[in-house]
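File shown here: query_3.txt, holding compact mmCIF, C-alpha atoms.
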# COMPACT_ATOMS: atom_id res chain seq x y z
CA MET A 837 -18.63 26.45 104.61
CA ASN A 838 -20.32 29.48 102.97
CA VAL A 839 -19.30 32.82 104.45
CA SER A 840 -20.77 36.24 103.68
CA ILE A 841 -19.21 39.40 105.07
CA ASN A 842 -20.36 42.93 104.40
CA ARG A 843 -18.59 45.36 106.64
CA ALA A 844 -17.45 48.97 106.47
CA PHE A 845 -14.46 49.82 108.59
CA SER A 846 -11.52 52.18 108.94
CA ALA A 847 -8.07 50.76 108.23
CA ARG A 848 -4.58 52.13 108.83
CA ASP A 849 -3.52 50.60 105.54
CA GLY A 850 -4.59 48.06 102.95
CA LEU A 851 -2.49 45.36 104.60
CA SER A 852 -4.96 45.12 107.49
CA LEU A 853 -7.67 43.96 105.12
CA ALA A 854 -5.37 41.36 103.61
CA ILE A 855 -4.65 39.96 107.08
CA ILE A 856 -8.36 39.75 107.88
CA LEU A 857 -9.13 37.90 104.67
CA LEU A 858 -6.19 35.54 105.04
CA GLY A 859 -7.30 34.85 108.59
CA ALA A 860 -10.77 33.93 107.39
CA LEU A 861 -9.23 31.61 104.82
CA ILE A 862 -7.03 29.92 107.41
CA VAL A 863 -9.89 29.42 109.87
CA SER A 864 -12.13 27.93 107.21
CA SER A 865 -9.43 25.53 106.03
CA CYS A 866 -9.23 24.00 109.50
CA THR A 867 -12.68 22.49 109.04
CA GLY A 868 -12.56 21.91 105.29
CA SER A 869 -13.19 18.85 103.18
CA LEU A 870 -10.75 16.11 102.28
CA SER A 871 -9.66 18.21 99.28
CA THR A 872 -8.73 21.12 101.53
CA LYS A 873 -6.94 18.80 103.94
CA GLY A 874 -5.07 17.29 101.03
CA ARG A 875 -3.91 20.73 99.89
CA ASN A 876 -2.80 21.57 103.41
CA LEU A 877 -0.74 18.37 103.53
CA VAL A 878 0.86 19.19 100.19
CA GLU A 879 1.75 22.64 101.48
CA LYS A 880 3.43 21.02 104.49
CA GLY A 881 5.40 18.67 102.24
CA GLU A 882 3.57 15.58 103.51
CA TYR A 883 2.97 14.13 100.06
CA VAL A 884 2.29 10.51 100.96
CA GLU A 885 -0.45 11.54 103.37
CA ALA A 886 -1.80 14.10 100.87
CA ILE A 887 -2.03 11.48 98.12
CA ASP A 888 -3.92 9.14 100.45
CA VAL A 889 -6.40 11.85 101.47
CA LEU A 890 -6.98 13.07 97.92
CA ASN A 891 -7.47 9.53 96.63
CA ARG A 892 -10.10 9.00 99.33
CA GLU A 893 -11.88 12.12 98.14
CA ILE A 894 -11.77 10.90 94.52
CA THR A 895 -13.19 7.53 95.59
CA LYS A 896 -16.15 9.44 97.04
CA ASN A 897 -16.38 11.98 94.20
CA PRO A 898 -14.66 10.59 91.08
CA ASP A 899 -15.89 13.48 88.89
CA LYS A 900 -14.39 16.21 91.07
CA LYS A 901 -11.97 17.78 88.60
CA ASP A 902 -10.10 20.04 91.01
CA THR A 903 -9.27 17.09 93.28
CA TRP A 904 -7.72 15.25 90.34
CA ARG A 905 -5.61 18.35 89.65
CA ASP A 906 -4.51 18.59 93.29
CA LEU A 907 -3.67 14.88 93.28
CA ALA A 908 -1.55 15.34 90.16
CA PHE A 909 0.38 18.14 91.89
CA ALA A 910 0.95 15.93 94.96
CA TYR A 911 2.25 13.09 92.76
CA TYR A 912 4.49 15.59 90.96
CA LYS A 913 5.98 16.81 94.23
CA LYS A 914 6.59 13.20 95.27
CA GLY A 915 8.33 12.51 91.95
CA GLU A 916 5.76 10.00 90.68
CA PHE A 917 5.43 11.55 87.23
CA ASP A 918 3.50 8.75 85.49
CA ASN A 919 0.82 8.85 88.20
CA ALA A 920 0.84 12.63 88.01
CA ILE A 921 0.16 12.59 84.26
CA GLU A 922 -2.66 10.06 84.69
CA ALA A 923 -4.25 12.27 87.35
CA ILE A 924 -3.87 15.55 85.47
CA ASN A 925 -5.56 14.02 82.42
CA ASN A 926 -8.70 13.66 84.57
CA ALA A 927 -8.64 17.31 85.67
CA GLU A 928 -10.55 20.20 84.09
CA GLN A 929 -8.85 20.82 80.73
CA THR A 930 -10.03 24.42 80.39
CA ASP A 931 -8.39 25.42 83.67
CA PRO A 932 -5.01 27.18 83.20
CA ALA A 933 -3.82 25.62 86.48
CA THR A 934 -4.28 22.18 84.91
CA HIS A 935 -1.89 23.00 82.08
CA LEU A 936 0.52 24.75 84.43
CA CYS A 937 0.61 21.59 86.55
CA ARG A 938 1.08 19.45 83.44
CA GLY A 939 3.99 21.64 82.38
CA LEU A 940 5.65 21.23 85.76
CA ILE A 941 5.18 17.46 85.59
CA TYR A 942 6.73 17.17 82.13
CA GLU A 943 9.59 19.48 83.02
CA GLY A 944 10.22 17.53 86.21
CA SER A 945 10.40 14.31 84.20
CA GLY A 946 12.86 15.87 81.74
CA ASN A 947 10.45 16.20 78.80
CA SER A 948 11.11 19.80 77.76
CA GLU A 949 9.15 19.59 74.51
CA GLN A 950 5.92 18.53 76.24
CA ALA A 951 6.54 21.03 79.04
CA ILE A 952 6.81 23.88 76.54
CA ARG A 953 3.55 22.80 74.93
CA ALA A 954 1.76 22.58 78.30
CA PHE A 955 2.98 25.98 79.52
CA SER A 956 1.88 27.50 76.20
CA ASP A 957 -1.55 25.91 76.66
CA ALA A 958 -1.76 27.40 80.15
CA LEU A 959 -1.29 30.88 78.68
CA SER A 960 -4.14 30.31 76.22
CA TYR A 961 -6.62 29.78 79.08
CA ASN A 962 -6.19 33.22 80.67
CA PRO A 963 -4.31 32.58 83.93
CA PRO A 964 -4.18 35.32 86.61
CA PRO A 965 -1.86 38.23 85.65
CA LYS A 966 0.95 37.36 88.06
CA THR A 967 0.89 33.72 86.96
CA ARG A 968 0.96 34.78 83.30
CA ILE A 969 4.10 36.84 83.93
CA LEU A 970 5.81 33.91 85.64
CA ILE A 971 4.83 31.41 82.93
CA ASN A 972 6.01 33.73 80.14
CA SER A 973 9.32 34.26 81.89
CA HIS A 974 9.88 30.56 82.51
CA LEU A 975 8.70 29.55 79.04
CA ASP A 976 11.10 31.94 77.30
CA ALA A 977 14.05 30.53 79.22
CA LEU A 978 12.91 26.94 78.72
CA ILE A 979 12.57 27.38 74.95
CA ARG A 980 15.98 29.02 74.63
CA SER A 981 17.62 26.37 76.79
CA SER A 982 15.92 23.53 74.90
CA LEU A 983 16.96 24.89 71.50
CA GLN A 984 20.51 25.49 72.71
CA VAL A 985 20.79 21.86 73.83
CA GLU A 986 19.34 20.71 70.51
CA MET A 987 21.83 22.78 68.51
CA ASP A 988 24.76 21.69 70.68
CA LYS A 989 23.85 18.05 70.03
CA ALA A 990 23.42 18.67 66.31
CA VAL A 991 26.82 20.31 65.97
CA ALA A 992 28.50 17.61 68.06
CA SER A 993 26.98 14.81 65.96
CA GLU A 994 27.04 16.60 62.59
CA ALA A 995 28.89 13.82 60.80
CA SER A 996 26.22 11.27 61.65
CA ILE A 997 23.21 13.34 60.59
CA GLY A 998 21.56 11.85 57.52
CA ALA A 999 20.14 14.65 55.36
CA SER A 1000 18.00 12.17 53.44
CA GLU A 1001 16.12 11.33 56.64
CA ILE A 1002 14.94 14.91 57.20
CA PRO A 1003 11.16 15.28 56.56
CA ASP A 1004 10.36 16.81 53.16
CA SER A 1005 7.97 19.42 54.59
CA THR A 1006 10.60 21.13 56.76
CA ILE A 1007 11.95 24.50 55.67
CA ALA A 1008 14.19 27.11 57.29
CA VAL A 1009 14.47 30.80 56.49
CA VAL A 1010 17.92 32.07 57.41
CA ARG A 1011 19.16 35.63 57.63
CA PHE A 1012 18.90 37.78 54.54
CA ASP A 1013 22.05 39.74 53.80
CA GLY A 1014 21.73 43.53 53.57
CA SER A 1015 25.40 44.31 54.15
CA LEU A 1016 25.76 45.89 50.70
CA LEU A 1017 22.88 48.33 51.21
CA ALA A 1018 23.26 51.88 52.41
CA LYS A 1019 23.59 51.88 56.20
CA GLU A 1020 20.31 53.69 56.82
CA ILE A 1021 18.22 51.06 55.00
CA ALA A 1022 20.37 47.94 55.54
CA PRO A 1023 18.16 46.64 58.43
CA ILE A 1024 15.25 45.99 56.02
CA ALA A 1025 17.00 42.71 55.11
CA ALA A 1026 15.99 41.38 58.54
CA GLY A 1027 12.42 42.58 58.09
CA ILE A 1028 12.03 41.05 54.63
CA GLY A 1029 13.44 37.78 55.92
CA GLU A 1030 10.95 37.82 58.80
CA PHE A 1031 8.00 38.58 56.51
CA THR A 1032 9.11 35.69 54.29
CA MET A 1033 9.22 33.28 57.24
CA VAL A 1034 5.78 34.41 58.43
CA ASP A 1035 4.27 34.02 54.96
CA LEU A 1036 5.68 30.53 54.46
CA SER A 1037 4.39 29.51 57.90
CA LYS A 1038 0.86 30.23 56.64
CA VAL A 1039 1.07 27.27 54.26
CA GLU A 1040 -0.33 24.31 56.16
CA SER A 1041 1.78 21.69 54.38
CA LEU A 1042 5.08 23.30 55.44
CA ARG A 1043 6.81 23.09 58.82
CA LEU A 1044 8.99 26.11 59.55
CA VAL A 1045 12.09 25.99 61.71
CA GLU A 1046 11.85 28.54 64.55
CA ARG A 1047 13.79 31.76 64.01
CA LEU A 1048 15.30 31.50 67.49
CA LYS A 1049 16.71 28.09 66.58
CA VAL A 1050 18.36 29.61 63.52
CA GLU A 1051 19.82 32.47 65.57
CA ILE A 1052 21.24 30.05 68.16
CA LEU A 1053 22.92 28.01 65.42
CA PHE A 1054 24.40 31.14 63.87
CA LYS A 1055 25.95 32.05 67.20
CA GLU A 1056 27.13 28.47 67.74
CA LEU A 1057 28.94 28.45 64.40
CA ALA A 1058 29.90 32.16 64.46
CA ILE A 1059 28.32 32.63 61.04
CA ALA A 1060 28.29 36.16 59.68
CA GLN A 1061 25.21 37.54 57.94
CA SER A 1062 26.94 37.65 54.55
CA GLN A 1063 27.98 34.00 54.91
CA ALA A 1064 24.40 32.84 55.41
CA VAL A 1065 23.41 33.56 51.81
CA ASP A 1066 26.24 31.48 50.39
CA PRO A 1067 24.57 28.49 48.67
CA ALA A 1068 27.59 26.41 49.60
CA GLN A 1069 26.92 27.08 53.30
CA ALA A 1070 23.16 26.47 53.22
CA PRO A 1071 23.19 22.63 52.98
CA ARG A 1072 25.20 22.40 56.19
CA LEU A 1073 22.81 24.80 57.92
CA GLY A 1074 19.84 22.80 56.67
CA LYS A 1075 21.26 19.55 57.98
CA LEU A 1076 21.99 21.01 61.43
CA LEU A 1077 18.58 22.67 61.60
CA GLY A 1078 16.80 19.51 60.48
CA SER A 1079 15.44 21.30 57.44
CA LYS A 1080 15.01 19.78 53.97
CA SER A 1081 15.13 23.19 52.32
CA VAL A 1082 16.75 26.51 53.18
CA VAL A 1083 15.51 29.89 51.99
CA THR A 1084 17.84 32.85 51.97
CA GLY A 1085 18.17 36.18 50.21
CA LYS A 1086 20.53 38.99 49.36
CA LEU A 1087 19.76 42.68 48.97
CA VAL A 1088 21.98 45.03 46.98
CA GLY A 1089 21.64 48.70 46.15
CA ALA A 1090 19.94 49.64 42.89
CA GLY A 1091 20.18 53.42 42.99
CA THR A 1092 19.25 56.01 45.58
CA ASN A 1093 17.09 54.39 48.25
CA ARG A 1094 16.39 51.46 45.97
CA PHE A 1095 17.38 47.82 46.24
CA ARG A 1096 17.30 44.55 44.39
CA LEU A 1097 16.23 41.32 46.11
CA ASP A 1098 17.63 37.96 45.01
CA GLY A 1099 16.30 34.91 46.79
CA ALA A 1100 17.48 31.31 46.77
CA LEU A 1101 16.00 27.95 47.73
CA VAL A 1102 18.67 25.38 48.60
CA ASN A 1103 17.97 21.65 48.84
CA THR A 1104 19.80 20.19 51.84
CA PRO A 1105 20.41 16.58 50.68
CA ASP A 1106 21.94 17.32 47.28
CA ALA A 1107 23.07 20.95 47.77
CA THR A 1108 21.29 22.10 44.62
CA SER A 1109 19.79 25.57 44.57
CA LYS A 1110 17.24 27.56 42.60
CA LEU A 1111 17.27 31.35 42.38
CA THR A 1112 14.05 33.32 42.57
CA GLU A 1113 13.23 35.97 40.00
CA PRO A 1114 15.08 39.18 41.00
CA GLY A 1115 12.87 42.00 42.20
CA GLU A 1116 13.61 45.70 42.47
CA ALA A 1117 11.91 48.20 44.77
CA GLY A 1118 12.24 51.59 46.36
CA MET A 1119 11.62 52.51 49.96
CA VAL A 1120 7.88 52.41 49.47
CA MET A 1121 5.98 49.77 51.42
CA ALA A 1122 3.84 48.63 48.50
CA GLU A 1123 6.94 48.03 46.37
CA ILE A 1124 8.83 46.26 49.18
CA LEU A 1125 5.93 43.89 49.77
CA GLN A 1126 5.47 43.28 46.06
CA VAL A 1127 8.99 41.91 45.57
CA GLN A 1128 8.92 40.04 48.91
CA LYS A 1129 5.60 38.31 48.12
CA ALA A 1130 6.79 37.45 44.60
CA MET A 1131 9.81 35.71 46.11
CA VAL A 1132 7.57 33.70 48.46
CA PHE A 1133 5.45 32.42 45.57
CA ASP A 1134 8.59 31.54 43.61
CA VAL A 1135 9.80 29.48 46.58
CA LEU A 1136 6.46 27.67 46.82
CA GLU A 1137 6.57 26.90 43.10
CA TYR A 1138 10.09 25.47 43.40
CA LEU A 1139 8.94 23.35 46.34
CA GLY A 1140 6.06 22.01 44.27
CA VAL A 1141 3.57 23.40 46.76
CA GLN A 1142 0.29 24.73 45.42
CA PRO A 1143 -1.14 27.18 48.00
CA SER A 1144 -4.88 27.14 48.51
CA ASP A 1145 -6.91 30.26 47.83
CA ALA A 1146 -7.04 30.84 51.59
CA ASP A 1147 -3.26 30.44 51.86
CA ARG A 1148 -2.74 32.86 48.98
CA ASP A 1149 -5.08 35.46 50.50
CA SER A 1150 -3.32 35.15 53.86
CA ILE A 1151 0.12 35.52 52.28
CA MET A 1152 -1.00 38.65 50.43
CA GLN A 1153 -2.09 40.41 53.62
CA THR A 1154 -0.22 43.64 54.35
CA PRO A 1155 1.50 43.64 57.79
CA THR A 1156 1.96 47.42 57.68
CA GLU A 1157 1.64 50.24 55.18
CA SER A 1158 4.20 52.42 56.97
CA VAL A 1159 7.77 52.20 55.71
CA ASP A 1160 8.93 53.98 58.88
CA ALA A 1161 7.23 51.32 61.01
CA PHE A 1162 8.82 48.61 58.88
CA LEU A 1163 12.29 50.12 59.20
CA SER A 1164 11.97 50.37 63.00
CA PHE A 1165 10.63 46.81 63.13
CA SER A 1166 13.61 45.60 61.10
CA LYS A 1167 16.07 47.38 63.39
CA GLY A 1168 14.35 45.77 66.36
CA LEU A 1169 14.84 42.32 64.85
CA GLU A 1170 18.55 42.99 64.34
CA PHE A 1171 18.99 44.15 67.94
CA ALA A 1172 17.06 41.16 69.29
CA ALA A 1173 19.24 38.76 67.29
CA LEU A 1174 22.28 40.32 68.96
CA GLY A 1175 20.74 39.95 72.43
CA MET A 1176 20.36 43.75 72.71
CA PHE A 1177 16.79 43.55 73.96
CA GLU A 1178 16.50 47.02 75.47
CA GLU A 1179 17.38 48.57 72.10
CA ALA A 1180 15.03 46.12 70.39
CA ILE A 1181 12.17 47.19 72.66
CA GLU A 1182 12.76 50.83 71.79
CA GLN A 1183 12.57 50.07 68.06
CA PHE A 1184 9.45 47.91 68.31
CA GLU A 1185 7.74 50.62 70.36
CA MET A 1186 8.70 53.13 67.68
CA ALA A 1187 7.24 50.86 65.01
CA LEU A 1188 3.95 50.78 66.91
CA GLU A 1189 3.98 54.58 67.19
CA PHE A 1190 4.15 54.76 63.41
CA ASP A 1191 1.50 52.04 63.00
CA GLY A 1192 -0.54 50.98 66.01
CA GLY A 1193 -2.05 48.10 64.06
CA PHE A 1194 1.30 46.46 63.23
CA ASP A 1195 0.60 43.15 64.96
CA LEU A 1196 3.99 41.57 64.21
CA ALA A 1197 5.71 44.49 65.92
CA ALA A 1198 3.45 44.07 68.96
CA THR A 1199 4.31 40.37 69.15
CA GLU A 1200 8.04 41.03 68.88
CA LEU A 1201 7.78 43.78 71.49
CA SER A 1202 6.19 41.38 73.98
CA GLU A 1203 8.86 38.74 73.36
CA ALA A 1204 11.68 41.27 73.64
CA GLU A 1205 10.31 42.58 76.95
CA ILE A 1206 10.23 39.07 78.41
CA ALA A 1207 13.76 38.34 77.16
CA PHE A 1208 15.03 41.66 78.53
CA ASP A 1209 13.59 41.03 81.99
CA ASN A 1210 15.05 37.52 82.03
CA GLN A 1211 18.39 38.90 80.92
CA ARG A 1212 18.44 41.38 83.81
CA PHE A 1213 16.83 39.41 86.62
CA GLY A 1214 16.89 35.77 85.60
CA SER A 1215 13.86 33.73 84.62
CA SER A 1216 11.18 32.49 86.98
CA THR A 1217 11.93 29.05 88.39
CA GLN A 1218 9.92 25.86 88.78
CA SER A 1219 9.57 26.77 92.45
CA ASP A 1220 8.06 30.13 91.47
CA LEU A 1221 5.52 28.37 89.26
CA GLU A 1222 4.73 25.84 92.00
CA ASN A 1223 4.00 28.64 94.47
CA SER A 1224 1.87 30.46 91.91
CA PHE A 1225 -0.06 27.28 91.09
CA PHE A 1226 -0.77 26.60 94.74
CA GLN A 1227 -1.80 30.21 95.40
CA ASP A 1228 -4.16 30.20 92.43
CA ILE A 1229 -6.03 27.08 93.53
CA ILE A 1230 -6.31 28.38 97.11
CA ASN A 1231 -7.74 31.65 95.80
CA GLU A 1232 -10.48 29.78 93.97
CA GLY A 1233 -12.25 29.71 97.33
CA LEU A 1234 -12.67 33.47 97.30
CA GLY A 1235 -15.58 33.17 94.92
CA ASN A 1236 -14.90 34.21 91.35
CA GLY A 1237 -11.14 33.75 91.46
CA GLN A 1238 -10.31 37.36 92.33
CA MET A 1239 -7.09 37.69 94.30
CA LEU A 1240 -6.59 39.80 97.39
CA THR A 1241 -4.88 42.45 95.30
CA GLU A 1242 -8.34 43.68 94.27
CA PHE A 1243 -9.00 44.74 97.87
CA ILE A 1244 -5.67 46.37 98.62
CA ASP A 1245 -4.75 47.61 95.15
CA PRO A 1246 -4.05 51.20 96.31
CA THR A 1247 -1.05 49.99 98.32
CA ASP A 1248 0.45 48.02 95.42
CA ILE A 1249 1.93 45.64 97.99
CA LEU A 1250 0.90 42.47 96.17
CA GLN A 1251 1.82 43.75 92.74
CA PRO A 1252 5.18 43.07 91.06
CA GLY A 1253 7.95 45.54 91.82
CA GLU A 1254 8.70 48.29 89.34
CA ASN A 1255 12.05 46.79 88.43
CA ASN A 1256 11.66 43.03 88.38
CA PRO A 1257 8.21 41.90 87.18
CA THR A 1258 8.74 38.42 88.63
CA GLY A 1259 10.21 39.64 91.90
CA VAL A 1260 8.81 40.64 95.26
CA PRO A 1261 6.95 43.94 95.69
CA THR A 1262 9.12 46.95 96.45
CA LYS A 1263 6.54 49.68 97.03
CA PRO A 1264 5.79 50.21 100.76
CA PRO A 1265 2.19 50.19 101.97
CA GLN A 1266 0.41 53.53 101.98
CA ILE A 1267 -0.75 54.63 105.43
CA GLY A 1268 -4.09 56.35 105.75
CA ARG A 1269 -7.49 56.40 107.37
CA GLY A 1270 -9.75 55.67 104.44
CA ARG A 1271 -13.00 53.80 104.79
CA THR A 1272 -13.22 50.55 102.85
CA THR A 1273 -16.10 48.22 102.12
CA ALA A 1274 -15.25 44.55 101.59
CA ASN A 1275 -17.63 41.99 100.17
CA VAL A 1276 -16.43 38.42 100.48
CA SER A 1277 -18.80 35.68 99.43
CA GLY A 1278 -18.65 32.17 98.14
CA ASN A 1279 -17.34 28.86 99.34
CA ILE A 1280 -14.11 29.68 101.18
CA ASP A 1281 -12.99 26.04 101.05
CA GLY A 1282 -13.11 26.17 97.27
CA ASP A 1283 -14.95 22.84 97.20

For the structure just supplied, provide its representation as structure tokens.
Amino acid sequence: MNVSINRAFSARDGLSLAIILLGALIVSSCTGSLSTKGRNLVEKGEYVEAIDVLNREITKNPDKKDTWRDLAFAYYKKGEFDNAIEAINNAEQTDPATHLCRGLIYEGSGNSEQAIRAFSDALSYNPPPKTRILINSHLDALIRSSLQVEMDKAVASEASIGASEIPDSTIAVVRFDGSLLAKEIAPIAAGIGEFTMVDLSKVESLRLVERLKVEILFKELAIAQSQAVDPAQAPRLGKLLGSKSVVTGKLVGAGTNRFRLDGALVNTPDATSKLTEPGEAGMVMAEILQVQKAMVFDVLEYLGVQPSDADRDSIMQTPTESVDAFLSFSKGLEFAALGMFEEAIEQFEMALEFDGGFDLAATELSEAEIAFDNQRFGSSTQSDLENSFFQDIINEGLGNGQMLTEFIDPTDILQPGENNPTGVPTKPPQIGRGRTTANVSGNIDGD
């Protein structure tokens, strides 16, 4: 059914318009296609009937991508995960809802690794803002939980882990020790370690262990920062992290506001180590980067890895030219590692004030904000994502995918609350007598 409404009217508040539009949607769904009926059955929890209806629609229209997606969701709710995966693979693969549904299916079947990949794919296809918030929240918690389980298992079965079986391309960068530096510049050890990890990740032939995984292991073993640079400790860390090689570094004072950087590459299977050429620098960004990049190329040489010209150019890129931005960034990393996300956010924001083009700081700020919200309010649940998925596919029938918030935005009643971004709205509707023009067009059934 195609509906076109163009009406000017007076409203006591924005909520009246929402009710009108929802009413139109409900009326239209009563006479909708098999796809619409299938969605209605899913919403009622009648999954067997929904699957039957949606399969009948697919028999008639086997190329109808959204019906395949809806069928996958119905199978997921019924617990038939293999059928759900088969169906979702026939859905539109550029639709964020497809990948959101796939993530739910994999998580429901206990495959956290595939779920993480699917939720990440959903984010890359520009989901609606509210859905993006929910996915980010859930994904952060899922990644942390998955890595915690992995590290718990590794520690519990440490004796049976065969270091010789670890893939040669794996490498971990563990905390750099700045404990012997002056207090005001000591945090740069975290920043140099992060830059080193980022640079090594640019080499296609290497597979870097996630920093969060390293931090979880450190907490699990109660390892102090100064202990991490001990070559005798590194082989154990490498084995638990599943890393063939471990990179670490130590910074010591070399005069007023100067430091010396000593790096080390430790081989996990035989516990041998190679020291990088020492580098000395002052608190000048060009000097800091010079010694840090030199250490990276030493590590690559020891690994027997010849970076391509493109790799070399990428490694030599300058993340920031501001030493103040770098120092704030480094402090933020230290706070985040301690779970002090509010303080980390403040430092990353300060780094961006010093250098608005500091992309690494922007990335860390986003991750810290998500972690902070989850720490305060808890992460979004599978049920939250299910509701968001279902709402998004229903809203496809409003034309170009715009949600009702566009019509009642002044009231803020469908926007996240000021405190909890994944929670219910807290701002009351605004009462007034404004005149509003609503244009609703398109296929309300979404078919």

inquiry  = I'd like the contact shell of Ala951 in chain A - 8 Å cut-off, all atoms listed in the file, skipping same-chain residues fewer than 3 positions apart - returned as a ChimeraX atom specification.
reply    = /A:938-943,947-948,954-955

How would the residues just picked look written out with C-alpha atoms as a JSON list (two decimals), in the coordinates of the input?
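The new file part-v6.json reads:
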[["chain", "number", "residue", "atom", "x", "y", "z"],
["A", 938, "ARG", "CA", 1.08, 19.45, 83.44],
["A", 939, "GLY", "CA", 3.99, 21.64, 82.38],
["A", 940, "LEU", "CA", 5.65, 21.23, 85.76],
["A", 941, "ILE", "CA", 5.18, 17.46, 85.59],
["A", 942, "TYR", "CA", 6.73, 17.17, 82.13],
["A", 943, "GLU", "CA", 9.59, 19.48, 83.02],
["A", 947, "ASN", "CA", 10.45, 16.20, 78.80],
["A", 948, "SER", "CA", 11.11, 19.80, 77.76],
["A", 954, "ALA", "CA", 1.76, 22.58, 78.30],
["A", 955, "PHE", "CA", 2.98, 25.98, 79.52]]

Residue contacts of range 1174-1188 of chain A (12 Å, only C-alpha atoms) excluding same-chain residues fewer than 5 positions away, as a PyMOL selection string = chain A and resi 1023+1027+1048+1051-1052+1054-1055+1060-1061+1155-1169+1193-1212

note = Closest of A:Ser1079, A:Thr934, A:Ser1150, A:Thr1104 to Val1034 in chain A, counting all atoms listed in the file, is A:Ser1150

query = Quick one, how far is CA of Asn1223 in chain A from CA of Val884 in chain A?
reply = 19.3 Å

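The two atoms in question, CA of Gly881 in chain A and CA of His974 in chain A, are spaced 23.5 Å apart.
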
task = Would you kindly return, as a VMD selection string, each protein, DNA or RNA residue with an atom no farther than 10 Å from any atom of Glu986 in chain A, considering all atoms listed in the file and excluding same-chain residues fewer than 3 positions away?
result = chain A and resid 980 to 983 989 to 992 1049 1052 to 1053 1076 to 1077

Proximity to Lys1129 in chain A - best of A:Asn926, A:Thr895, A:Gln1142, A:Thr1154, only C-alpha atoms =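 Closest candidate: A:Thr1154.
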
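Of the listed residues (A:Glu922, A:Arg1011, A:Val1083, A:Ala1025), A:Val1083 comes nearest to Ser1109 in chain A; the distances count only C-alpha atoms.
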
query = How many Å lie between CA of Ser1219 in chain A and CA of Glu916 in chain A, rounded to one decimal?
reply =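 Distance reported for this atom pair: 17.3 Å.
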
task = Name the residues within 12 Å of (22.2, 48.5, 48.7), counting all atoms listed in the file in the file's coordinates, and put them as number ranges by chain.
result = A: 1013-1025, 1086-1097, 1116-1119

I need the chosen residues saved as a PDB file, in the frame of the given file, with C-alpha atoms.
ATOM      1  CA  ASP A1013      22.050  39.740  53.800  1.00  0.00           C
ATOM      2  CA  GLY A1014      21.730  43.530  53.570  1.00  0.00           C
ATOM      3  CA  SER A1015      25.400  44.310  54.150  1.00  0.00           C
ATOM      4  CA  LEU A1016      25.760  45.890  50.700  1.00  0.00           C
ATOM      5  CA  LEU A1017      22.880  48.330  51.210  1.00  0.00           C
ATOM      6  CA  ALA A1018      23.260  51.880  52.410  1.00  0.00           C
ATOM      7  CA  LYS A1019      23.590  51.880  56.200  1.00  0.00           C
ATOM      8  CA  GLU A1020      20.310  53.690  56.820  1.00  0.00           C
ATOM      9  CA  ILE A1021      18.220  51.060  55.000  1.00  0.00           C
ATOM     10  CA  ALA A1022      20.370  47.940  55.540  1.00  0.00           C
ATOM     11  CA  PRO A1023      18.160  46.640  58.430  1.00  0.00           C
ATOM     12  CA  ILE A1024      15.250  45.990  56.020  1.00  0.00           C
ATOM     13  CA  ALA A1025      17.000  42.710  55.110  1.00  0.00           C
ATOM     14  CA  LYS A1086      20.530  38.990  49.360  1.00  0.00           C
ATOM     15  CA  LEU A1087      19.760  42.680  48.970  1.00  0.00           C
ATOM     16  CA  VAL A1088      21.980  45.030  46.980  1.00  0.00           C
ATOM     17  CA  GLY A1089      21.640  48.700  46.150  1.00  0.00           C
ATOM     18  CA  ALA A1090      19.940  49.640  42.890  1.00  0.00           C
ATOM     19  CA  GLY A1091      20.180  53.420  42.990  1.00  0.00           C
ATOM     20  CA  THR A1092      19.250  56.010  45.580  1.00  0.00           C
ATOM     21  CA  ASN A1093      17.090  54.390  48.250  1.00  0.00           C
ATOM     22  CA  ARG A1094      16.390  51.460  45.970  1.00  0.00           C
ATOM     23  CA  PHE A1095      17.380  47.820  46.240  1.00  0.00           C
ATOM     24  CA  ARG A1096      17.300  44.550  44.390  1.00  0.00           C
ATOM     25  CA  LEU A1097      16.230  41.320  46.110  1.00  0.00           C
ATOM     26  CA  GLU A1116      13.610  45.700  42.470  1.00  0.00           C
ATOM     27  CA  ALA A1117      11.910  48.200  44.770  1.00  0.00           C
ATOM     28  CA  GLY A1118      12.240  51.590  46.360  1.00  0.00           C
ATOM     29  CA  MET A1119      11.620  52.510  49.960  1.00  0.00           C
TER      30      MET A1119
END

ask   = A:Leu907, A:Glu1222, A:Gly1099, A:Thr1006: which is nearest Leu936 in chain A, counting all atoms listed in the file?
value = A:Glu1222

ask   = Using only C-alpha atoms, which of the listed residues (A:Asp931, A:Asp1004, A:Glu949, A:Asp1134) sits closest to Asn962 in chain A?
value =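 Ranked by minimum distance to Asn962 in chain A, first place goes to A:Asp931.
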
message = So that I can check the surroundings of Met1131 in chain A, please list as a list in words every protein, DNA and RNA residue that reaches within 9 Å of it, counting all atoms listed in the file and ignoring chain neighbours fewer than 5 positions away.
response = Thr1032, Leu1097, Asp1098, Gly1099, Ala1100, Thr1112, Glu1113, Pro1114, Gly1115, Gln1126 and Leu1136 of chain A

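Nearest-residue note for Asp906 in chain A: choosing from A:Gly1078, A:Pro932, A:Pro1071, A:Gly874, the minimum distance belongs to A:Gly874, counting all atoms listed in the file.
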
query = Could you list as a ChimeraX atom specification every residue that has an atom within 12 Å of (15.4, 12.6, 53.8), using the file's coordinates and counting only C-alpha atoms?
reply = /A:997-1006,1074-1075,1078-1081,1103-1106

task = Tell me which protein, DNA and RNA residues are within 9 Å of Leu970 in chain A, counting all atoms listed in the file, leaving out same-chain ones fewer than 2 positions away, and put them as a list in words.
result = Pro965, Lys966, Thr967, Arg968, Asn972, Ser973, His974, Leu975, Ser1215, Ser1216, Thr1217, Asp1220, Leu1221, Ser1224, Pro1257 and Thr1258 of chain A
